[in-house]
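Novice: Contents of query.txt (compact mmCIF, C-alpha atoms) are below:
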```txt
# COMPACT_ATOMS: atom_id res chain seq x y z
CA MET A 1 130.34 172.28 121.93
CA PRO A 2 129.38 175.99 122.11
CA PRO A 3 126.19 177.06 120.38
CA PRO A 4 126.49 178.88 117.07
CA LEU A 5 126.36 182.66 117.24
CA ARG A 6 124.56 184.51 114.47
CA LEU A 7 125.71 188.10 114.21
CA ASN A 8 122.96 190.25 112.71
CA ALA A 9 124.57 193.68 113.04
CA VAL A 10 127.36 195.68 114.61
CA ALA A 11 127.33 199.39 115.38
CA PHE A 12 130.15 201.74 116.35
CA VAL A 13 129.03 204.93 118.08
CA SER A 14 131.27 207.91 118.90
CA PRO A 15 131.68 209.33 122.42
CA GLN A 16 129.30 212.12 121.33
CA ASN A 17 126.70 209.44 120.39
CA HIS A 18 127.08 209.90 116.64
CA PRO A 19 126.99 206.69 114.59
CA ILE A 20 130.40 205.88 113.15
CA LEU A 21 129.46 202.71 111.32
CA ILE A 22 126.45 200.41 111.37
CA ARG A 23 126.92 197.15 109.46
CA THR A 24 124.16 194.59 109.03
CA PHE A 25 124.79 190.91 108.37
CA ALA A 26 121.16 189.75 108.42
CA GLN A 27 119.79 188.41 105.15
CA PRO A 28 116.88 190.76 104.44
CA SER A 29 118.53 194.09 103.75
CA GLN A 30 115.31 195.94 104.55
CA ASP A 31 116.10 195.33 108.23
CA GLU A 32 118.89 197.93 108.08
CA LEU A 33 116.64 200.61 109.57
CA LYS A 34 115.75 198.23 112.41
CA TYR A 35 119.42 197.93 113.37
CA HIS A 36 119.87 201.71 113.28
CA TYR A 37 116.97 201.91 115.72
CA ILE A 38 118.52 199.19 117.91
CA ALA A 39 121.86 201.03 117.98
CA HIS A 40 120.21 204.28 119.05
CA THR A 41 117.99 202.71 121.70
CA SER A 42 121.02 200.89 123.13
CA LEU A 43 122.67 204.22 123.94
CA ASP A 44 120.25 204.88 126.82
CA VAL A 45 121.01 201.52 128.40
CA ILE A 46 124.75 202.01 127.89
CA GLU A 47 124.61 205.42 129.59
CA GLU A 48 122.82 203.84 132.57
CA ARG A 49 125.45 201.10 132.79
CA ILE A 50 128.28 203.64 132.58
CA ALA A 51 126.72 205.71 135.38
CA ALA A 52 126.33 202.60 137.55
CA ALA A 53 129.91 201.52 136.83
CA ALA A 54 131.20 204.97 137.77
CA THR A 55 129.77 204.64 141.28
CA THR A 56 131.54 201.28 141.77
CA LYS A 57 134.77 202.41 140.06
CA SER A 58 134.51 199.52 137.58
CA THR A 59 136.91 199.52 134.62
CA GLU A 60 135.19 196.70 132.75
CA CYS A 61 134.65 197.42 129.03
CA TYR A 62 132.16 194.60 128.41
CA LEU A 63 128.65 195.75 129.33
CA ASN A 64 126.92 192.37 128.99
CA LEU A 65 123.42 191.88 127.63
CA LEU A 66 121.76 195.27 127.21
CA TYR A 67 118.28 194.06 126.26
CA THR A 68 116.35 191.74 123.97
CA MET A 69 113.90 192.88 121.35
CA GLU A 70 111.77 190.66 119.12
CA ASP A 71 114.32 188.22 117.68
CA VAL A 72 117.51 190.07 118.65
CA ALA A 73 119.73 190.08 121.73
CA VAL A 74 121.76 193.28 122.07
CA TYR A 75 125.17 193.37 123.78
CA GLY A 76 127.39 196.35 124.54
CA TYR A 77 131.06 197.25 124.91
CA ILE A 78 132.70 200.60 125.58
CA THR A 79 136.33 201.31 124.74
CA PRO A 80 138.62 203.30 127.05
CA LEU A 81 138.12 206.28 124.70
CA LYS A 82 134.32 205.97 125.10
CA VAL A 83 133.57 204.58 121.63
CA LYS A 84 130.57 202.29 122.02
CA ILE A 85 130.37 198.98 120.15
CA ILE A 86 126.96 197.34 119.95
CA LEU A 87 126.35 193.79 118.72
CA ALA A 88 122.95 192.48 117.69
CA LEU A 89 122.81 188.69 117.78
CA ALA A 90 119.98 186.48 116.62
CA LEU A 91 118.01 185.40 119.68
CA SER A 92 118.25 181.67 120.36
CA ASP A 93 117.35 179.24 123.12
CA SER A 94 120.99 178.39 123.75
CA VAL A 95 123.27 180.07 126.25
CA VAL A 96 125.67 182.64 124.82
CA ARG A 97 129.05 182.49 126.52
CA ASP A 98 130.53 185.81 127.60
CA VAL A 99 134.00 184.71 126.52
CA ASP A 100 132.78 184.33 122.92
CA LEU A 101 131.26 187.80 122.94
CA ILE A 102 134.30 189.40 124.55
CA THR A 103 136.46 187.85 121.83
CA ILE A 104 134.22 189.35 119.12
CA PHE A 105 134.18 192.73 120.85
CA ARG A 106 137.95 192.78 121.19
CA ALA A 107 138.35 191.93 117.51
CA MET A 108 135.96 194.76 116.59
CA HIS A 109 137.79 197.14 118.92
CA THR A 110 141.13 196.18 117.36
CA ALA A 111 139.74 196.79 113.87
CA TYR A 112 138.55 200.26 114.92
CA ARG A 113 141.79 201.08 116.73
CA GLN A 114 143.93 200.07 113.75
CA SER A 115 141.84 202.20 111.41
CA ALA A 116 141.75 205.22 113.71
CA ALA A 117 145.54 205.01 114.13
CA ASN A 118 146.02 205.57 110.39
CA PRO A 119 148.05 208.80 110.16
CA PHE A 120 146.47 209.64 106.78
CA LEU A 121 142.90 209.35 108.03
CA LYS A 122 142.50 213.07 108.74
CA LEU A 123 143.31 214.24 105.20
CA ASP A 124 139.70 215.25 104.50
CA ALA A 125 139.05 216.77 107.92
CA PRO A 126 138.35 220.50 108.03
CA THR A 127 141.33 222.48 109.29
CA GLU A 128 139.22 225.21 110.90
CA GLY A 129 137.27 224.38 114.05
CA ILE A 130 138.33 220.73 114.28
CA ASN A 131 136.28 218.75 116.76
CA ASP A 132 137.04 215.20 117.84
CA HIS A 133 134.22 213.51 115.99
CA ALA A 134 134.71 215.27 112.63
CA THR A 135 137.01 212.59 111.25
CA VAL A 136 135.16 209.80 113.01
CA LEU A 137 132.00 210.65 111.10
CA LEU A 138 133.82 210.06 107.82
CA ALA A 139 133.57 206.28 108.36
CA GLY A 140 131.59 206.07 105.15
CA GLY A 141 134.49 207.63 103.25
CA ALA A 142 137.03 205.83 101.12
CA GLN A 143 139.72 206.13 103.80
CA TRP A 144 137.68 203.88 106.09
CA LYS A 145 137.25 201.05 103.57
CA GLY A 146 139.90 199.00 105.42
CA PHE A 147 137.87 199.35 108.61
CA ARG A 148 134.66 198.28 106.88
CA ARG A 149 136.53 195.33 105.32
CA ARG A 150 137.89 194.23 108.71
CA VAL A 151 134.42 194.45 110.28
CA ASP A 152 133.01 192.37 107.42
CA GLU A 153 135.81 189.79 107.88
CA ILE A 154 134.98 189.49 111.58
CA GLY A 155 131.30 189.08 110.70
CA ARG A 156 132.15 186.32 108.21
CA ALA A 157 134.42 184.61 110.77
CA VAL A 158 131.62 184.58 113.34
CA ALA A 159 129.22 183.17 110.73
CA ALA A 160 131.77 180.53 109.68
CA GLN A 161 132.37 179.56 113.30
CA GLY A 162 128.62 179.18 113.79
CA ALA A 163 128.36 177.03 110.65
CA THR A 164 131.16 174.69 111.74
CA SER A 165 129.83 174.28 115.28
CA ALA A 166 126.21 173.78 114.21
CA PRO A 167 124.76 170.35 115.05
CA GLY A 168 124.95 167.83 112.28
CA THR A 169 128.12 169.24 110.62
```
For this file, write the structure as structure tokens.
Specialist:
Amino acid sequence: MPPPLRLNAVAFVSPQNHPILIRTFAQPSQDELKYHYIAHTSLDVIEERIAAAATTKSTECYLNLLYTMEDVAVYGYITPLKVKIILALALSDSVVRDVDLITIFRAMHTAYRQSAANPFLKLDAPTEGINDHATVLLAGGAQWKGFRRRVDEIGRAVAAQGATSAPGT
């Protein structure tokens, strides 16, 4: 039986390293700033991994464990369009299977892709001087509520899976 995963936070970062969405699932809401910090510090490690992958011509999206900090293990994923997805999992003594993480990352990537493919998403974008990340940064806007809902559903599914696979249940 696989060990339960506890997802503390997920962050989506644009190709220009601007945060798109940072969602926390940890209980104390005062830790939100901690997960913003984790997302930003992960960018340096991700850039190193991308540079190393470029020399070997690797096309792998999953970047594996980036680092551990205090009680959090941080994992990374980069989409073909260079959007970075960062997961912060509660650190545990059990082994985390890559296949479980890749499944979570793919679900998060699908949620982002479906939301970004919305043809009505760019309604509030400025018409003059459009740059690629202008609409991406509107993830806090009402048009992105479906994306936030999907990310929350994935977070609840991971938590439910952890609850059902926990010992003694």
Novice: Tell me which of A:Gly155, A:Pro15, A:Gly76, A:Gly146 sits closest to A:Asp98, counting all atoms listed in the file.
Specialist: A:Gly76
Novice: By how many Å are atom CA of A:Phe105 and atom CA of A:Ile78 apart?
Specialist: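 The value is 9.3 Å.
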Novice: Any idea what the distance is between atom CA of A:Ile104 and atom CA of A:Arg23?
Specialist: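 Taking atom CA of A:Ile104 as the start and atom CA of A:Arg23 as the end point, the length is 14.4 Å.
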Novice: Nearest to A:Lys145 among A:Cys61, A:Val13, A:Ala111, A:Met69, with distances taken over all atoms listed in the file: which residue is it?
Specialist: A:Ala111
Novice: List as a PyMOL selection string the protein and nucleic acid residues near A:Tyr75, meaning an atom at most 9 Å away when only C-alpha atoms are counted, but skip any in the same chain fewer than 2 places from it.
Specialist: chain A and resi 42+62-68+73+77+85-89+101
